[in-house]
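Written below as structure tokens is the structure these notes are about.
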Amino acid sequence: MTDLRDDRDSWSSENCSVARAMDIVGSRSTVLILREALLGTRRFDDFVRRVGVGEPAMAARLKEMVAAELLERIPYREPGQRTRHEYQLTRKGRELLPVITALRNWGDTWAANDTGPSVIATHHDCGEPIRAVLRCAAGHDITDGDVDIIPGPGLVRRD
């Protein structure tokens, strides 16, 4: 099978899944909200404090993430208080765990300060650090030299 990179100018990236994903999760605050949600944060005030953005920006970003179906709003009410909402990851949002893990792994290697990473994610059962790994559907570990780029059903060819 021919690798599409051999004739890169013969096809367009206008239907690119990476570009479409970045349209949804490409801002710093969105990625940090995802990090916090994956760590168990659910309440607005906690997101504001832990992500470090102002309330108006957080409200706007959470609204966008709910509209993108990364988070869902769940009503709750503490005794004597008005009904409020907390935010829970949807399946679509939870499926970004490998992406956030890969960013954490990369950051631990290339962007941590001299003392090392602030947290280490470990496997609950064995205690070993968690790593994002590329693997094909048949179970083979993949490196960048092992990847072929082939046409998908949405490929747009140039004339």
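We label chains A, B, ... in the order they appear in the structure tokens, count residues from 1 in each chain, and number ligands from 1 in the order shown.
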Exercise. Running DSSP on the backbone, which parts of chain A land in alpha helix (DSSP H), as number ranges by chain?
Worked result: A: 17-25, 28-38, 44-51, 55-67, 91-94, 97-110
Problem set entry | Surrounding residues of region 95-100 of chain A excluding itself and chain neighbours under 4 positions, 8 Å, only C-alpha atoms, as a PyMOL selection string | chain A and resi 31+34-35+38+91+104+132
File of the preceding selection, all heavy atoms, as a PDB file, in the first residue's frame:
ATOM      1  N   VAL A  31      -7.692  22.165  28.206  1.00  0.00           N
ATOM      2  CA  VAL A  31      -6.852  21.017  28.570  1.00  0.00           C
ATOM      3  C   VAL A  31      -6.685  20.946  30.088  1.00  0.00           C
ATOM      4  O   VAL A  31      -6.756  19.862  30.675  1.00  0.00           O
ATOM      5  CB  VAL A  31      -5.493  21.078  27.844  1.00  0.00           C
ATOM      6  CG1 VAL A  31      -4.534  20.018  28.366  1.00  0.00           C
ATOM      7  CG2 VAL A  31      -5.695  20.930  26.335  1.00  0.00           C
ATOM      8  N   LEU A  34      -9.860  19.651  31.591  1.00  0.00           N
ATOM      9  CA  LEU A  34      -9.897  18.198  31.402  1.00  0.00           C
ATOM     10  C   LEU A  34      -9.002  17.494  32.415  1.00  0.00           C
ATOM     11  O   LEU A  34      -9.387  16.480  32.994  1.00  0.00           O
ATOM     12  CB  LEU A  34      -9.476  17.834  29.978  1.00  0.00           C
ATOM     13  CG  LEU A  34     -10.499  18.147  28.895  1.00  0.00           C
ATOM     14  CD1 LEU A  34      -9.857  18.043  27.519  1.00  0.00           C
ATOM     15  CD2 LEU A  34     -11.708  17.228  29.012  1.00  0.00           C
ATOM     16  N   ARG A  35      -7.799  18.033  32.623  1.00  0.00           N
ATOM     17  CA  ARG A  35      -6.903  17.455  33.636  1.00  0.00           C
ATOM     18  C   ARG A  35      -7.601  17.401  34.979  1.00  0.00           C
ATOM     19  O   ARG A  35      -7.616  16.359  35.646  1.00  0.00           O
ATOM     20  CB  ARG A  35      -5.624  18.300  33.739  1.00  0.00           C
ATOM     21  CG  ARG A  35      -4.678  17.852  34.851  1.00  0.00           C
ATOM     22  CD  ARG A  35      -3.695  18.928  35.257  1.00  0.00           C
ATOM     23  NE  ARG A  35      -4.373  20.050  35.907  1.00  0.00           N
ATOM     24  CZ  ARG A  35      -3.815  21.232  36.124  1.00  0.00           C
ATOM     25  NH1 ARG A  35      -2.574  21.473  35.733  1.00  0.00           N
ATOM     26  NH2 ARG A  35      -4.488  22.191  36.721  1.00  0.00           N
ATOM     27  N   LEU A  38     -10.468  14.880  35.103  1.00  0.00           N
ATOM     28  CA  LEU A  38      -9.928  13.522  35.200  1.00  0.00           C
ATOM     29  C   LEU A  38      -9.371  13.230  36.591  1.00  0.00           C
ATOM     30  O   LEU A  38      -9.298  12.073  37.006  1.00  0.00           O
ATOM     31  CB  LEU A  38      -8.861  13.294  34.126  1.00  0.00           C
ATOM     32  CG  LEU A  38      -9.417  13.168  32.704  1.00  0.00           C
ATOM     33  CD1 LEU A  38      -8.315  13.379  31.675  1.00  0.00           C
ATOM     34  CD2 LEU A  38     -10.106  11.821  32.514  1.00  0.00           C
ATOM     35  N   ARG A  91     -18.552  10.234  28.251  1.00  0.00           N
ATOM     36  CA  ARG A  91     -17.679   9.223  27.636  1.00  0.00           C
ATOM     37  C   ARG A  91     -16.692   9.905  26.683  1.00  0.00           C
ATOM     38  O   ARG A  91     -15.506   9.585  26.669  1.00  0.00           O
ATOM     39  CB  ARG A  91     -18.521   8.190  26.889  1.00  0.00           C
ATOM     40  CG  ARG A  91     -17.686   7.170  26.174  1.00  0.00           C
ATOM     41  CD  ARG A  91     -18.526   6.131  25.472  1.00  0.00           C
ATOM     42  NE  ARG A  91     -17.655   5.346  24.617  1.00  0.00           N
ATOM     43  CZ  ARG A  91     -18.023   4.837  23.470  1.00  0.00           C
ATOM     44  NH1 ARG A  91     -19.253   5.014  23.033  1.00  0.00           N
ATOM     45  NH2 ARG A  91     -17.181   4.150  22.753  1.00  0.00           N
ATOM     46  N   ARG A 104       1.061  14.717  29.807  1.00  0.00           N
ATOM     47  CA  ARG A 104       1.756  14.667  31.101  1.00  0.00           C
ATOM     48  C   ARG A 104       3.105  13.959  30.950  1.00  0.00           C
ATOM     49  O   ARG A 104       4.125  14.431  31.453  1.00  0.00           O
ATOM     50  CB  ARG A 104       0.909  13.949  32.155  1.00  0.00           C
ATOM     51  CG  ARG A 104       1.622  13.882  33.517  1.00  0.00           C
ATOM     52  CD  ARG A 104       0.839  13.114  34.569  1.00  0.00           C
ATOM     53  NE  ARG A 104      -0.381  13.799  34.919  1.00  0.00           N
ATOM     54  CZ  ARG A 104      -1.609  13.320  34.702  1.00  0.00           C
ATOM     55  NH1 ARG A 104      -1.770  12.142  34.147  1.00  0.00           N
ATOM     56  NH2 ARG A 104      -2.661  14.010  35.049  1.00  0.00           N
ATOM     57  N   ALA A 132       1.550   6.653  28.252  1.00  0.00           N
ATOM     58  CA  ALA A 132       0.764   6.550  27.028  1.00  0.00           C
ATOM     59  C   ALA A 132       1.616   5.798  26.008  1.00  0.00           C
ATOM     60  O   ALA A 132       2.800   6.093  25.850  1.00  0.00           O
ATOM     61  CB  ALA A 132       0.403   7.929  26.502  1.00  0.00           C
TER      62      ALA A 132
END
For this session: Could you check which of A:Val53, A:Ala59, A:Met65, A:Val119 is closest to Ile24 (chain A), using only C-alpha atoms?
Result: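 For Ile24 (chain A), the nearest of the candidates is A:Met65.
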Exercise. Can you tell me, as a list in words, what residues are no more than 12 Å from Ile74 (chain A) when counting only C-alpha atoms, ignoring any on the same chain fewer than 6 positions away?
Worked result: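 These residues fall inside the cut-off: Arg42, Arg43, Phe44, Val66, Thr83, Arg84, His85, Glu86, Tyr87, Gln88, Leu89 and Thr90 of chain A.
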C-alpha atoms of the current selection, written as a PDB file, in the first residue's frame:
ATOM      1  CA  ARG A  42     -16.552  18.614  39.616  1.00  0.00           C
ATOM      2  CA  ARG A  43     -17.528  21.973  41.092  1.00  0.00           C
ATOM      3  CA  PHE A  44     -17.215  25.386  39.467  1.00  0.00           C
ATOM      4  CA  VAL A  66     -20.830  21.076  27.767  1.00  0.00           C
ATOM      5  CA  THR A  83     -29.687  24.396  43.186  1.00  0.00           C
ATOM      6  CA  ARG A  84     -26.276  24.529  41.567  1.00  0.00           C
ATOM      7  CA  HIS A  85     -24.510  22.405  38.961  1.00  0.00           C
ATOM      8  CA  GLU A  86     -21.395  20.327  38.958  1.00  0.00           C
ATOM      9  CA  TYR A  87     -19.605  19.029  35.902  1.00  0.00           C
ATOM     10  CA  GLN A  88     -18.974  15.403  35.069  1.00  0.00           C
ATOM     11  CA  LEU A  89     -16.992  13.985  32.172  1.00  0.00           C
ATOM     12  CA  THR A  90     -18.983  12.282  29.450  1.00  0.00           C
TER      13      THR A  90
END
Exercise. What is the distance, in Å and to one decimal place, between CA of Met58 (chain A) and CA of Ile33 (chain A)?
Worked result: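 A separation of 8.9 Å between them.
Proximity to Val133 (chain A) was assessed for A:Val48, A:Thr101, A:Ala121, A:Gly154 counting only C-alpha atoms; the smallest distance is recorded for A:Thr101.
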Problem set entry | Among the residues A:Leu39, A:Ala21, A:Ala112, A:Ala102, the one that comes closest to Ala68 (chain A) [using only C-alpha atoms] | A:Ala21
For this session: Run DSSP on the backbone of this structure and report the residues of chain A it assigns to strand (DSSP E or B), as a PyMOL selection string.
Result: chain A and resi 11-12+43+71-76+84-89+122+129+135+141+156-157
For this session: Provide the CA of Arg28 (chain A) to CA of Val51 (chain A) distance in Å, to one decimal place.
Result: 9.7 Å
